[in-house]
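Structure file coords06.pdb (PDB, C-alpha atoms, pLDDT in the B column) is printed below.
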```
ATOM      1  CA  MET A  92       0.000   0.000   0.000  1.00 42.00           C
ATOM      2  CA  PRO A  93       1.548   3.347  -1.005  1.00 51.00           C
ATOM      3  CA  GLU A  94       2.253   5.927   1.640  1.00 62.00           C
ATOM      4  CA  ASN A  95       0.041   8.995   1.678  1.00 62.00           C
ATOM      5  CA  PRO A  96       2.313  12.099   1.776  1.00 58.00           C
ATOM      6  CA  THR A  97      -0.478  14.186   3.300  1.00 56.00           C
ATOM      7  CA  SER A  98      -1.061  11.861   6.250  1.00 64.00           C
ATOM      8  CA  ASP A  99       1.150  13.993   8.527  1.00 78.00           C
ATOM      9  CA  VAL A 100      -0.346  17.314   7.447  1.00 81.00           C
ATOM     10  CA  ARG A 101      -2.362  19.063  10.123  1.00 91.00           C
ATOM     11  CA  LEU A 102      -4.547  21.980   9.080  1.00 92.00           C
ATOM     12  CA  LEU A 103      -5.564  24.694  11.515  1.00 93.00           C
ATOM     13  CA  ALA A 104      -8.345  27.252  11.358  1.00 94.00           C
ATOM     14  CA  PRO A 105      -7.223  30.885  11.102  1.00 95.00           C
ATOM     15  CA  ALA A 106      -8.664  31.544  14.574  1.00 95.00           C
ATOM     16  CA  GLN A 107      -6.458  28.794  16.038  1.00 95.00           C
ATOM     17  CA  VAL A 108      -3.380  30.254  14.360  1.00 96.00           C
ATOM     18  CA  ALA A 109      -4.327  33.741  15.554  1.00 96.00           C
ATOM     19  CA  GLU A 110      -4.519  32.458  19.118  1.00 95.00           C
ATOM     20  CA  VAL A 111      -1.105  30.770  18.864  1.00 93.00           C
ATOM     21  CA  LEU A 112       0.532  33.859  17.347  1.00 94.00           C
ATOM     22  CA  GLY A 113      -1.318  36.344  19.546  1.00 94.00           C
ATOM     23  CA  VAL A 114      -2.645  38.325  16.580  1.00 95.00           C
ATOM     24  CA  THR A 115      -5.999  38.854  14.904  1.00 96.00           C
ATOM     25  CA  VAL A 116      -7.513  36.587  12.257  1.00 95.00           C
ATOM     26  CA  ASP A 117      -7.089  39.422   9.741  1.00 96.00           C
ATOM     27  CA  GLU A 118      -3.353  39.500  10.459  1.00 96.00           C
ATOM     28  CA  VAL A 119      -3.170  35.719   9.986  1.00 96.00           C
ATOM     29  CA  MET A 120      -4.914  36.044   6.630  1.00 95.00           C
ATOM     30  CA  ALA A 121      -2.506  38.823   5.657  1.00 96.00           C
ATOM     31  CA  LEU A 122       0.378  36.425   6.376  1.00 95.00           C
ATOM     32  CA  VAL A 123      -1.311  33.828   4.146  1.00 95.00           C
ATOM     33  CA  TYR A 124      -1.774  36.337   1.323  1.00 95.00           C
ATOM     34  CA  GLU A 125       1.890  37.402   1.701  1.00 95.00           C
ATOM     35  CA  SER A 126       2.857  33.680   1.430  1.00 94.00           C
ATOM     36  CA  ARG A 127       4.505  33.736   4.855  1.00 95.00           C
ATOM     37  CA  LEU A 128       2.037  31.023   5.922  1.00 96.00           C
ATOM     38  CA  ARG A 129       0.765  28.198   3.699  1.00 95.00           C
ATOM     39  CA  GLY A 130      -3.000  28.205   3.503  1.00 94.00           C
ATOM     40  CA  VAL A 131      -5.603  26.387   1.470  1.00 93.00           C
ATOM     41  CA  ARG A 132      -9.341  26.721   1.024  1.00 92.00           C
ATOM     42  CA  VAL A 133     -11.140  23.443   1.689  1.00 90.00           C
ATOM     43  CA  GLY A 134     -14.712  22.205   1.902  1.00 87.00           C
ATOM     44  CA  ALA A 135     -18.022  23.562   0.766  1.00 88.00           C
ATOM     45  CA  PRO A 136     -18.437  26.374   1.543  1.00 89.00           C
ATOM     46  CA  ALA A 137     -14.712  26.905   1.192  1.00 89.00           C
ATOM     47  CA  ARG A 138     -12.949  27.827   4.416  1.00 93.00           C
ATOM     48  CA  TRP A 139      -9.324  28.717   4.945  1.00 94.00           C
ATOM     49  CA  ARG A 140      -7.037  26.263   6.709  1.00 95.00           C
ATOM     50  CA  ILE A 141      -3.373  26.840   7.481  1.00 96.00           C
ATOM     51  CA  ASP A 142      -0.689  24.154   7.457  1.00 95.00           C
ATOM     52  CA  GLU A 143       0.610  23.711  11.015  1.00 94.00           C
ATOM     53  CA  SER A 144       4.177  23.135   9.812  1.00 94.00           C
ATOM     54  CA  SER A 145       4.155  26.548   8.111  1.00 95.00           C
ATOM     55  CA  VAL A 146       3.182  28.135  11.446  1.00 96.00           C
ATOM     56  CA  THR A 147       6.122  26.381  13.107  1.00 94.00           C
ATOM     57  CA  ALA A 148       8.462  27.510  10.333  1.00 94.00           C
ATOM     58  CA  TYR A 149       7.125  31.082  10.608  1.00 95.00           C
ATOM     59  CA  LEU A 150       7.760  31.110  14.377  1.00 94.00           C
ATOM     60  CA  ASP A 151      11.268  29.735  13.846  1.00 93.00           C
ATOM     61  CA  ASP A 152      11.976  32.439  11.244  1.00 92.00           C
ATOM     62  CA  GLU A 153      10.687  35.184  13.532  1.00 92.00           C
ATOM     63  CA  ALA A 154      12.783  33.870  16.442  1.00 92.00           C
ATOM     64  CA  GLU A 155      15.884  33.889  14.237  1.00 92.00           C
ATOM     65  CA  ILE A 156      15.174  37.470  13.148  1.00 91.00           C
ATOM     66  CA  ALA A 157      14.766  38.516  16.797  1.00 91.00           C
ATOM     67  CA  ARG A 158      18.008  36.735  17.734  1.00 89.00           C
ATOM     68  CA  ARG A 159      19.929  38.497  14.973  1.00 89.00           C
ATOM     69  CA  MET A 160      18.468  41.879  15.907  1.00 88.00           C
ATOM     70  CA  ALA A 161      19.470  41.338  19.551  1.00 86.00           C
ATOM     71  CA  LEU A 162      23.020  40.471  18.493  1.00 83.00           C
ATOM     72  CA  TRP A 163      23.125  43.537  16.252  1.00 81.00           C
ATOM     73  CA  ARG A 164      21.947  45.814  19.080  1.00 79.00           C
ATOM     74  CA  GLU A 165      24.474  44.234  21.423  1.00 77.00           C
ATOM     75  CA  SER A 166      27.314  44.732  18.968  1.00 72.00           C
ATOM     76  CA  SER A 167      26.236  48.323  18.291  1.00 66.00           C
ATOM     77  CA  ALA A 168      26.345  49.085  22.023  1.00 64.00           C
ATOM     78  CA  ALA A 169      29.871  47.713  22.487  1.00 63.00           C
ATOM     79  CA  SER A 170      32.777  50.145  22.439  1.00 59.00           C
ATOM     80  CA  PHE A 171      35.796  49.548  20.215  1.00 58.00           C
ATOM     81  CA  PRO A 172      38.149  48.840  23.157  1.00 58.00           C
ATOM     82  CA  GLU A 173      35.696  46.180  24.360  1.00 55.00           C
ATOM     83  CA  LEU A 174      35.763  44.571  20.941  1.00 58.00           C
ATOM     84  CA  TRP A 175      39.558  44.671  20.604  1.00 61.00           C
ATOM     85  CA  GLY A 176      40.324  43.607  24.155  1.00 60.00           C
ATOM     86  CA  THR A 177      42.162  46.761  25.283  1.00 59.00           C
ATOM     87  CA  GLY A 178      41.065  49.745  27.271  1.00 57.00           C
ATOM     88  CA  VAL A 179      38.396  50.150  29.924  1.00 60.00           C
ATOM     89  CA  VAL A 180      35.208  48.123  29.777  1.00 58.00           C
ATOM     90  CA  ARG A 181      32.224  50.466  30.210  1.00 62.00           C
ATOM     91  CA  ASN A 182      29.629  48.021  31.546  1.00 62.00           C
ATOM     92  CA  PRO A 183      31.240  44.922  33.035  1.00 60.00           C
ATOM     93  CA  ASP A 184      28.939  42.037  33.818  1.00 57.00           C
TER      94      ASP A 184
END
```
Would you write out, as structure tokens, the structure that this file holds?
Amino acid sequence: MPENPTSDVRLLAPAQVAEVLGVTVDEVMALVYESRLRGVRVGAPARWRIDESSVTAYLDDEAEIARRMALWRESSAASFPELWGTGVVRNPD
């Protein structure tokens, strides 16, 4: 019996995704229209459903962006002597 590639796919309602992300349903739909989340219309009448793995990937991407921004802010706040290892450290830990 052939494997069904969609057997592991879990689809979520926009309201469920909005609750997970802490945003409105309109913002979730904007992310779908911007292709930042994978969504599909299913059923009759057609209703939007969002692939759970795309929500996970979106959260991972956002966490990486936040991590990089924090590193950038940290590096911008460092003085040149701190970076080169000479001179006085302004804010020792």
message: If we count only C-alpha atoms and set the cut-off at 7 Å, which residues sit around region 144-152 of chain A, ignoring sequence neighbours fewer than 2 positions away in its own chain? Please answer as a PyMOL selection string.
response: chain A and resi 127-129+142+154-156
message: Considering only C-alpha atoms, can you say which of A:Val123, A:Ile141, A:Val133, A:Leu112 comes closest to Val100 (chain A)?
response: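 The shortest atom-to-atom distance to Val100 (chain A) comes from A:Ile141.
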- prompt: By how many Å are CA of Ala121 (chain A) and CA of Arg138 (chain A) apart?
  reply: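 One can read the CA of Ala121 (chain A) to CA of Arg138 (chain A) distance as 15.2 Å.
For the atom pair formed by CA of Leu162 (chain A) and CA of Ala109 (chain A), the distance is 28.3 Å, given to one decimal.
In this structure, CA of Leu122 (chain A) sits 17.9 Å away from CA of Ala157 (chain A).
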query: Out of A:Arg164, A:Arg132, A:Arg158, A:Arg140, which residue has the shortest atom-to-atom distance to Arg101 (chain A) when counting all atoms listed in the file?
result: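 Of all the options, A:Arg140 lies closest to Arg101 (chain A).
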Just the residues within 8 Å of Ala106 (chain A), please, counting only C-alpha atoms, with nothing from its chain fewer than 3 positions along; format it as an mmCIF file with C-alpha atoms, in the coordinates of the input.
```cif
data_model
loop_
_atom_site.group_PDB
_atom_site.id
_atom_site.type_symbol
_atom_site.label_atom_id
_atom_site.label_comp_id
_atom_site.auth_asym_id
_atom_site.auth_seq_id
_atom_site.Cartn_x
_atom_site.Cartn_y
_atom_site.Cartn_z
ATOM 1 C CA ALA A 109 -4.327 33.741 15.554
ATOM 2 C CA GLU A 110 -4.519 32.458 19.118
ATOM 3 C CA THR A 115 -5.999 38.854 14.904
ATOM 4 C CA VAL A 116 -7.513 36.587 12.257
#
```
